[in-house]
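One structure is given here, and the rest of the page talks about it.
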Amino acid sequence: MEWIVLLFVVLFLCESYGSVNDGHHKLLLVSFDGLRWDYVDKVPELEGFKRLTNNGVRAKYLKPPFPTQTSPCHFTIATGLYPESHGVVHNCNYDKNQTGLWSRSNFYSTLAVNEWWDNGAEPIWITAVNQGLRSGGNLFPGSAANMSGVGATKQVLETARTPTDEDAWHERIDETMRWFTEESLDMVALYFEEPDVTSHNVGPDSPDITEVVLPLVSRTIVYLLDKVEEFGLTDDLNIIFVSDHGFQPVFAEEGTTNEQIALLDYVSMMNVDFMFTYAPLALIEPKKGRLEMVYKRLKDAEVNESMRVFKKEDLLERWHYKNNDRVTSIVVVADAGYVTYPQDIPITINHGEHGYDNDVVNMRASYFSIGPSFKKNYIVDGFESIHVYPLMCHLLGLQPAPNNGSLDVLIGTLDNVALRILPHKALSFCTAIIVFVFNST
Ligand SMILES: [Zn+2]
């Protein structure tokens, strides 16, 4: 009889130990789109940045993958995979239909195209759900998509009509806090669209960045940290702040268009099925039998233009980009400060861009972490964004899906208690106890 009582006691303990609070804290992943690695150093006196720096971990920089576009970079942070492996090789869904005609979507439309995101990769919010936790995606790129029919527990999709003012940002934070406390979520990925929008419009060196946008980001961080305290989450919530990429000034001199590369000066649309120019990156699929001719004309133009032209198979190994069916036969990458366009026509031009080679220093992004598991006032060297996913899995006690990152890179940013967190749920531990109880009766 005693062993039955003992068994119930053990099962009760296991239930407690195997719950969300089994030694693991909740996790919030926050992205400020386009927060360049050195933006914070332009205004270090702002309270939000000071609180992160003094009370948490800061990386010298976060190196994004190639291409340094919003969706590919966010999905690399979420999955630990390079774009050729997670399949989100571009901000915009594009495809060739059965009749051979190509189509493409814009950034916002693509956020809702499930097939663009569901390629077998497992973002952290899906890893969490698959292993019994509850997760949420609040506008974070890719988090509204379902993977093999599985989605985050709570999903909010960003659209072109999503409110973007500061009040809307506060509501996003309030909603996220309610998800943690009222909906018992364990992990949430939260997204803010600045400083990207303003950096495109005015360029990264504009006073608007330091006088308007960065104070907004700082106030938002303060609001968020205060809400964490107000909702009683201070001791149970780790927060990782990231950005997806940096920013490069273009068309810095008002009224000039010299930084514009007009690809149709070299290649006629008569010879290509698909030409998709998107700031520095151009994807080109020549018509059947015309690959060599189109490639030669573009390659010859390298002497006149600030760009590099690649056949797909010759794309740089370090970009981890070419091994994916979605990448076209020819890829053009403009040098930093230049952009590609189909033709030289008067258009509205941005003064800041990203999408360049990820070795360009201006493409570097930001990383901070704060919470009960992290060291305080600690600086870590720059690292690739593939390493965030294994850290998030470790913090949540999840078995990571296959990924390109390594926990070793960021394990030193954790305090001693966090280092001792069990890598997985305590089920096997409890099973071992039960076996022991049976054997001893
Ligand atoms: Zn972005």
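Naming works like this for the structure tokens: A, B, ... for the chains as they're shown, residue 1 at the start of each chain, ligands 1 onward in shown order.
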Dump as JSON lines the rows for residues of chain A within 8 Å of ligand 1: closest atom pair and distance in Å with one decimal, only C-alpha atoms and all ligand atoms counted, ordered by chain and rising residue number.
{"residue": "A:Asp33", "atom": "CA", "partner": "ligand 1", "partner_atom_place_in_ligand_line": "1 (Zn)", "distance": 4.5}
{"residue": "A:Gly34", "atom": "CA", "partner": "ligand 1", "partner_atom_place_in_ligand_line": "1 (Zn)", "distance": 5.0}
{"residue": "A:Thr68", "atom": "CA", "partner": "ligand 1", "partner_atom_place_in_ligand_line": "1 (Zn)", "distance": 8.0}
{"residue": "A:Gln69", "atom": "CA", "partner": "ligand 1", "partner_atom_place_in_ligand_line": "1 (Zn)", "distance": 5.8}
{"residue": "A:Thr70", "atom": "CA", "partner": "ligand 1", "partner_atom_place_in_ligand_line": "1 (Zn)", "distance": 3.5}
{"residue": "A:Ser71", "atom": "CA", "partner": "ligand 1", "partner_atom_place_in_ligand_line": "1 (Zn)", "distance": 7.1}
{"residue": "A:Cys73", "atom": "CA", "partner": "ligand 1", "partner_atom_place_in_ligand_line": "1 (Zn)", "distance": 7.7}
{"residue": "A:His74", "atom": "CA", "partner": "ligand 1", "partner_atom_place_in_ligand_line": "1 (Zn)", "distance": 7.9}
{"residue": "A:Glu193", "atom": "CA", "partner": "ligand 1", "partner_atom_place_in_ligand_line": "1 (Zn)", "distance": 7.6}
{"residue": "A:Asp196", "atom": "CA", "partner": "ligand 1", "partner_atom_place_in_ligand_line": "1 (Zn)", "distance": 5.9}
{"residue": "A:Ser243", "atom": "CA", "partner": "ligand 1", "partner_atom_place_in_ligand_line": "1 (Zn)", "distance": 7.5}
{"residue": "A:Asp244", "atom": "CA", "partner": "ligand 1", "partner_atom_place_in_ligand_line": "1 (Zn)", "distance": 5.4}
{"residue": "A:His245", "atom": "CA", "partner": "ligand 1", "partner_atom_place_in_ligand_line": "1 (Zn)", "distance": 6.0}
{"residue": "A:His354", "atom": "CA", "partner": "ligand 1", "partner_atom_place_in_ligand_line": "1 (Zn)", "distance": 7.9}
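Residues within 12 Å of Leu315 (chain A), counting only C-alpha atoms and excluding same-chain residues fewer than 4 positions away, are A:Phe66, A:Pro67, A:Glu84, A:Arg308, A:Val309, A:Phe310, A:Lys311, A:Trp319, A:His320, A:Tyr321, A:Lys322, A:Asn323, A:Asn324, A:Val327, A:Thr328, A:Ser329, A:Ile330, A:Val331, A:Val332, A:Val333, A:Asp357.
In terms of minimum interatomic distance to Lys63 (chain A), A:Arg364 ranks closest within A:His387, A:Lys376, A:His170, A:Arg364, counting only C-alpha atoms.
Reported to one decimal place, the separation of CA of Ile239 (chain A) from CA of Ala401 (chain A) is 21.2 Å.
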Counting only C-alpha atoms, which residues of region 154-210 of chain A fall within 10 Å of region 36-55 of chain A, and what is the closest atom pair for each with its distance in Å at one decimal, ordered by chain and rising number, as CSV?
residue,atom,partner,partner_atom,distance
A:Pro195,CA,A:Arg36,CA,8.6
A:Asp196,CA,A:Arg36,CA,9.2
A:Ser199,CA,A:Arg36,CA,9.7
A:Pro204,CA,A:Arg36,CA,8.6
A:Asp205,CA,A:Tyr39,CA,9.7
A:Ile209,CA,A:Tyr39,CA,8.4
A:Thr210,CA,A:Val43,CA,6.7
* **Contacts of Leu224 (chain A) within 12 Å, only C-alpha atoms, excl. fewer than 3 positions in-chain, as an NGL selection string** => :A and (28 or 30 or 48 or 51-52 or 169-177 or 190 or 217-221 or 227-231 or 233-234 or 237 or 239 or 241)
With C-alpha atoms retained, export the selected residues as a PDB file, in the first residue's frame.
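For reference, selection_19.pdb as written:
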ATOM      1  CA  LEU A  28      10.338  37.213 -24.996  1.00  0.00           C
ATOM      2  CA  VAL A  30      11.830  41.423 -29.401  1.00  0.00           C
ATOM      3  CA  GLY A  48      16.087  52.506 -22.454  1.00  0.00           C
ATOM      4  CA  ARG A  51      18.930  50.075 -18.730  1.00  0.00           C
ATOM      5  CA  LEU A  52      19.683  47.290 -21.192  1.00  0.00           C
ATOM      6  CA  TRP A 169       3.225  49.945 -29.958  1.00  0.00           C
ATOM      7  CA  HIS A 170       2.126  50.210 -26.324  1.00  0.00           C
ATOM      8  CA  GLU A 171      -0.944  48.106 -27.058  1.00  0.00           C
ATOM      9  CA  ARG A 172       1.296  45.501 -28.711  1.00  0.00           C
ATOM     10  CA  ILE A 173       3.337  45.318 -25.503  1.00  0.00           C
ATOM     11  CA  ASP A 174       0.247  45.209 -23.268  1.00  0.00           C
ATOM     12  CA  GLU A 175      -1.214  42.413 -25.368  1.00  0.00           C
ATOM     13  CA  THR A 176       2.045  40.470 -25.159  1.00  0.00           C
ATOM     14  CA  MET A 177       2.103  40.820 -21.369  1.00  0.00           C
ATOM     15  CA  LEU A 190       7.335  40.549 -30.811  1.00  0.00           C
ATOM     16  CA  VAL A 217      12.801  52.997 -29.507  1.00  0.00           C
ATOM     17  CA  SER A 218      14.289  53.895 -26.115  1.00  0.00           C
ATOM     18  CA  ARG A 219      10.911  54.975 -24.702  1.00  0.00           C
ATOM     19  CA  THR A 220       9.430  51.707 -25.964  1.00  0.00           C
ATOM     20  CA  ILE A 221      12.104  49.685 -24.186  1.00  0.00           C
ATOM     21  CA  LYS A 227       5.257  46.583 -17.930  1.00  0.00           C
ATOM     22  CA  VAL A 228       7.280  43.447 -17.217  1.00  0.00           C
ATOM     23  CA  GLU A 229       7.550  44.660 -13.636  1.00  0.00           C
ATOM     24  CA  GLU A 230       3.912  45.747 -13.452  1.00  0.00           C
ATOM     25  CA  PHE A 231       2.750  42.328 -14.651  1.00  0.00           C
ATOM     26  CA  LEU A 233       7.193  38.961 -14.642  1.00  0.00           C
ATOM     27  CA  THR A 234      10.553  40.438 -13.642  1.00  0.00           C
ATOM     28  CA  LEU A 237      10.991  36.470 -17.997  1.00  0.00           C
ATOM     29  CA  ILE A 239      14.116  39.058 -22.931  1.00  0.00           C
ATOM     30  CA  PHE A 241      16.343  42.153 -28.132  1.00  0.00           C
TER      31      PHE A 241
END
* Asked: Ile386 (chain A): which residues within 10 Å, counting only C-alpha atoms, same-chain residues fewer than 3 positions away excluded, as a list in words?
  ->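 Near Ile386 (chain A), the qualifying residues are Leu62, Lys63, Pro64, Pro65, Cys73, Phe75, Thr76, Ile77, Ala78, Thr79, Gly80, Leu81, Tyr82, Phe383, Tyr389, Pro390, Leu391, Asn403, Asn404, Gly405, Ser406 and Leu407 of chain A.
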* For Val250 (chain A), which residue out of A:Gly352, A:Pro83, A:Gly382, A:Gly23 is the nearest one, using only C-alpha atoms? -> A:Gly352
* Mind pulling up the distance from CA of Gly337 (chain A) to CA of Asn258 (chain A)? -> 10.1 Å
* In region 161-410 of chain A, DSSP strand (DSSP E or B) residues written as an MDAnalysis selection string -> chainID A and resid 187:192 237:242 248:249 260:262 272:278 281:286 307:311 330:334 339:341 352:353 365 367:370 374 378:380 383:384
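The smallest atom-to-atom distance between Asp167 (chain A) and any of A:Tyr223, A:Tyr191, A:Phe251, A:Trp102, using only C-alpha atoms, is found for A:Tyr223.
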